[in-house]
Each structure stands twice: as C-alpha cells, then as structure tokens.
Amino acid sequence: MDKKAILTRVLKKVPIENAMELIQDRFKGWVPEKKPRKKEDIREKFLSLSQVIRDEEIEDFVQMAVMKKSVGLPAYTYRLSNINFIDEVDEHEFRERYNKTFSPYKDIYSISTEVIDFNQGKIELNCRLKEYEASWKTGTMNIDSLSAVYTSKITINRTQRVMTIFCGNHSVQEILMTYTQQIFGWPLNLYRINEVSNQLVTIGSASYKTAVLLDLVYNRLTEKGIKSTFEEMKFYTGKKRKDGIKDVAIGGRALLSSQLACEYVTIGSHIIYFKLGLTYEEREFTAKVYLKGNDLDILKIVILDTENENVRLEAMEIIQQEYIDMCTNGIKDIPKTVELLTTIKDRFINKDQLILRTIKENALNSIASIAKLVGKFDDQDIYAIEVLKEFSQYNRTLLDSVGFDGEDENLNSINNFVRIDEVQIIDEDDYEDYDNEAS
C-alpha cells in the first residue's frame, strides 16, 4: 500500500489549517518553525504521517480528514412523486433491495447503503461513498487509488413524500441523489425557487429570489415561532467575485443597518447565502442557507450551534416545510415584504453622505495605521493574530455598513499576515477549490 500517494491526494483536498491539525493530532507538540503560508510548506511533515498510520486505519483517516469541514446538520430536500417502491414491499424485502455493499458507480465511486430504520412514518438509510482517483485508467478500485470517503444519511418522510439527504458536500449529495434515481429507481424531483409571475410586479427593482428569501425569514419563520436575525449575507452581483457582507446590528431587522446590503437589495442583486441567528423554544442557535445548483435555486440548509437534537430536527423540519411551500406558492405575505423592501430602498436612497464619508475615511485611516505595524508582530503569537483578525473583521463590517465595497491594500496586508480573506463565507464543499488556489 502506497500511503504517501494516498496522503498526497488527501492534502490536495483539505485546507492547510486542517492539514496542520491532522499533523498535530499524530505528532503531539509539533509546531512549525515559521507560520506556513501554503501547503508545500508542510508537505514533507504531512507525508511523514505514513510512518504512524497503520494500514487498517488509512480508510478511516481519509474519511476523517476529508470530511473535517462538514459541520452542523446540513440538508437537501427532494419531493417523491410516489412511494410505490416502499408501499409495494414489506420491510424485509425493502432491506434486501436497498442494503448495498460498495456498489461501483460512475467508474470512480463505490457506494454502500444500509437501512437503519423502517416504520410507518419514516425510513432512514446510512450511506458511505468512496471516491477513487483515475480508476477508469486501471479498471480497479482499491485502497491505493482511494482519494476520499464520505458518509451521509437519507431519510424519507412517508406521509409527506419528502426525501432529505443530510450531507455537507453539495457534489456528494448530487451523486447520492442520482444514484438513488438511476440505481434504485426512486422518483425524485427537486424543489426549486420559481418566480410567481403575478408577484413580480409588486416587488419593484428587487430580485425575486431576494424578496422570497426575505419573506421566508421575516414572515414565514416568524409565524412558526422562530425568531430570526440576519448575521451574514452574501450577494451575487454579476461580477466574477461574490461580495460578502457581515452585519453587526442588534434586533430582528439587522439587515437595515448595512448600506451595502440595502444597496444590493435595491439594485436587484440575488442573495445566494445567509446566516441567521435563531431563537426557537427559548433556545438560541444558528442556521446557514446556501443557494445551490446551476441556477442558484436549490436551498442547502445547515443547522448549527445546538447540541439539542430535538430542536435541530424540529427547526429543520419547519424550515424545510416553508421552503417546500415557498417553491410552490412564492411570497407568503406580499404586503409585509413590499413594506420591508420599501424601507430598505428608502434607507439606501436617503443615506447621509457626509456622515458615511467621515466614517469611511476614519476606518481606512485606522486600517492604514495598523498595517504599518504588521511587520513588528510575531506571526506565531496567537493572541496578536486573534486581535488582528478581530480588528480586520470589525473594520470590514464597518466599511460594508457605509457602502464601501472596494479593495483596500492595507486591509489586505493585515489579512495576508493572519491568513484570512476579505470574504470569509465559504461553503463546506467550496473550500477545496478555494484552498487549491492558496496551495
């Protein structure tokens, strides 16, 4: 077994911070001589893990390493046009059909499924997907060509005919979805955000996707007893880059504190990601919602920051049900949504230019002063790094709030020193491409 070759493929897939954690897990007390800037700086040490990882551990190590970024309760929602494949068989026959042990799929994958629950209300399956590198060249799938291992869960709500794939990686869930369609023959349909034509004329210049998501947060979830506050937001502006906005205002209408957010909503930019602070059943937690797919019209929902399984599952079910209705009926409360959009537009149009310019200039001057001192700091000083990270993030938020969306060389130099990027919002399955750029 060529463990170094396997580790080389793993290193390509994981962020440098995760790779360093994996080294430190096995080599206790290891500290690099100087702060690594790219993966090449730690490649030799990472490959030396081949000396301490036993052959029988390698598959579990690959799974743990590659899936390290997947956190929270991430879910994708699908509609089943019928459930004949369940109703026409008994439990024993269902298990026989759908318990699979590493079935080859699309040349470079093998997938195993295990039915772990079967009852009148719900069915659950555990899934394990192995990815191999270039098996189409050799015609074999073995441990030497293994490049990733992912685990996932599929649940089927028999009453509502809804299937959920719990998976942090968009590409993996797409593979599992097509596998269940093509190999199992399950009749799946996507829930997509569709424009409701008679609602378009009411929302003015705003993007329909943005309007329907604001309605989801401020109206639909509120009706269901979930109080929500926007904490982060990401817009697609039509440029190559996607602009991230972090909002620090207090209260249920935090969105209104950011001039940049008000501008993007007013000019019709699409929201493609947002993070919410949620309160439900007197418990506080967070949710991240990503728009996925080629047309950015499929929701990936992630529940975070709560260990209470009942709260996580209840909140997920509520959000899923509202998402399903939203895809069919669009905006639920048009008058309240139009009122909110009007308030956002007024905020953008009536901004006080003198005050905003003063705030912007002072923020940029403060950043420039700190940037001059960066070279005086020790890049191994954890406290200094954390303080500089906070300084950078607070000032980026301040600049966003006054409508400044440009690049600032001084802020970039601070970010480069502490190894953060101006746009922090990266999806669990986006980090691989992002990190490859830094390697």
# chains A, B, ... in the order shown; residues from 1 in each chain; ligands from 1

call {"tool": "closest_atom_pairs", "arguments": {"of": "region 26-83 of chain A", "to": "region 113-134 of chain A", "cutoff": "10 Å", "atoms": "only C-alpha atoms", "output": "CSV"}}
result
residue,atom,partner,partner_atom,distance
A:Glu59,CA,A:Lys130,CA,9.3
A:Val62,CA,A:Lys130,CA,9.8
A:Gln63,CA,A:Lys130,CA,8.8

call {"tool": "select_by_dssp", "arguments": {"residues": "region 155-315 of chain A", "states": "strand (DSSP E or B)", "output": "ChimeraX atom specification"}}
result
/A:155-157,162-166,188-190,227-236,243-246,270-280,283-292,298-304

call {"tool": "closest_atom_pairs", "arguments": {"of": "region 239-349 of chain A", "to": "region 187-198 of chain A", "cutoff": "7 Å", "atoms": "only C-alpha atoms", "output": "tab-separated table"}}
result
residue	atom	partner	partner_atom	distance
A:Asp297	CA	A:Ile193	CA	5.0
A:Ile298	CA	A:Arg192	CA	5.2
A:Ile324	CA	A:Tyr191	CA	6.5
A:Cys327	CA	A:Ile193	CA	4.8
A:Gly330	CA	A:Val196	CA	6.0

call {"tool": "write_last_selection", "arguments": {"atoms": "N, CA, C and O atoms", "output": "PDB file, in the first residue's frame"}}
result
ATOM      1  N   ASP A 297     -30.977  27.994  -7.348  1.00  0.00           N
ATOM      2  CA  ASP A 297     -32.390  27.983  -6.976  1.00  0.00           C
ATOM      3  C   ASP A 297     -32.749  26.795  -6.079  1.00  0.00           C
ATOM      4  O   ASP A 297     -33.922  26.477  -5.891  1.00  0.00           O
ATOM      5  N   ILE A 298     -31.720  26.124  -5.528  1.00  0.00           N
ATOM      6  CA  ILE A 298     -31.927  24.994  -4.623  1.00  0.00           C
ATOM      7  C   ILE A 298     -31.333  25.371  -3.269  1.00  0.00           C
ATOM      8  O   ILE A 298     -30.204  25.851  -3.194  1.00  0.00           O
ATOM      9  N   ILE A 324     -40.557  24.208   0.985  1.00  0.00           N
ATOM     10  CA  ILE A 324     -41.390  23.470   0.032  1.00  0.00           C
ATOM     11  C   ILE A 324     -42.577  24.331  -0.412  1.00  0.00           C
ATOM     12  O   ILE A 324     -42.876  24.443  -1.609  1.00  0.00           O
ATOM     13  N   CYS A 327     -41.489  27.192  -2.684  1.00  0.00           N
ATOM     14  CA  CYS A 327     -41.203  26.806  -4.074  1.00  0.00           C
ATOM     15  C   CYS A 327     -42.479  26.689  -4.896  1.00  0.00           C
ATOM     16  O   CYS A 327     -42.461  26.860  -6.113  1.00  0.00           O
ATOM     17  N   GLY A 330     -44.495  30.810  -3.658  1.00  0.00           N
ATOM     18  CA  GLY A 330     -43.749  32.061  -3.666  1.00  0.00           C
ATOM     19  C   GLY A 330     -43.853  32.823  -2.360  1.00  0.00           C
ATOM     20  O   GLY A 330     -43.859  32.241  -1.269  1.00  0.00           O
TER      21      GLY A 330
END

call {"tool": "residues_around", "arguments": {"residues": "region 226-229 of chain A", "least_positions_apart": "2", "cutoff": "6 Å", "atoms": "only C-alpha atoms", "output": "count of residues only"}}
result
9

call {"tool": "residues_around", "arguments": {"residues": "Lys275 (chain A)", "least_positions_apart": "5", "cutoff": "9 Å", "atoms": "only C-alpha atoms", "output": "MDAnalysis selection string"}}
result
chainID A and resid 229:233 286:290

call {"tool": "atom_distance", "arguments": {"atom1": "CA of Lys45 (chain A)", "atom2": "CA of Ile6 (chain A)"}}
result
14.4 Å
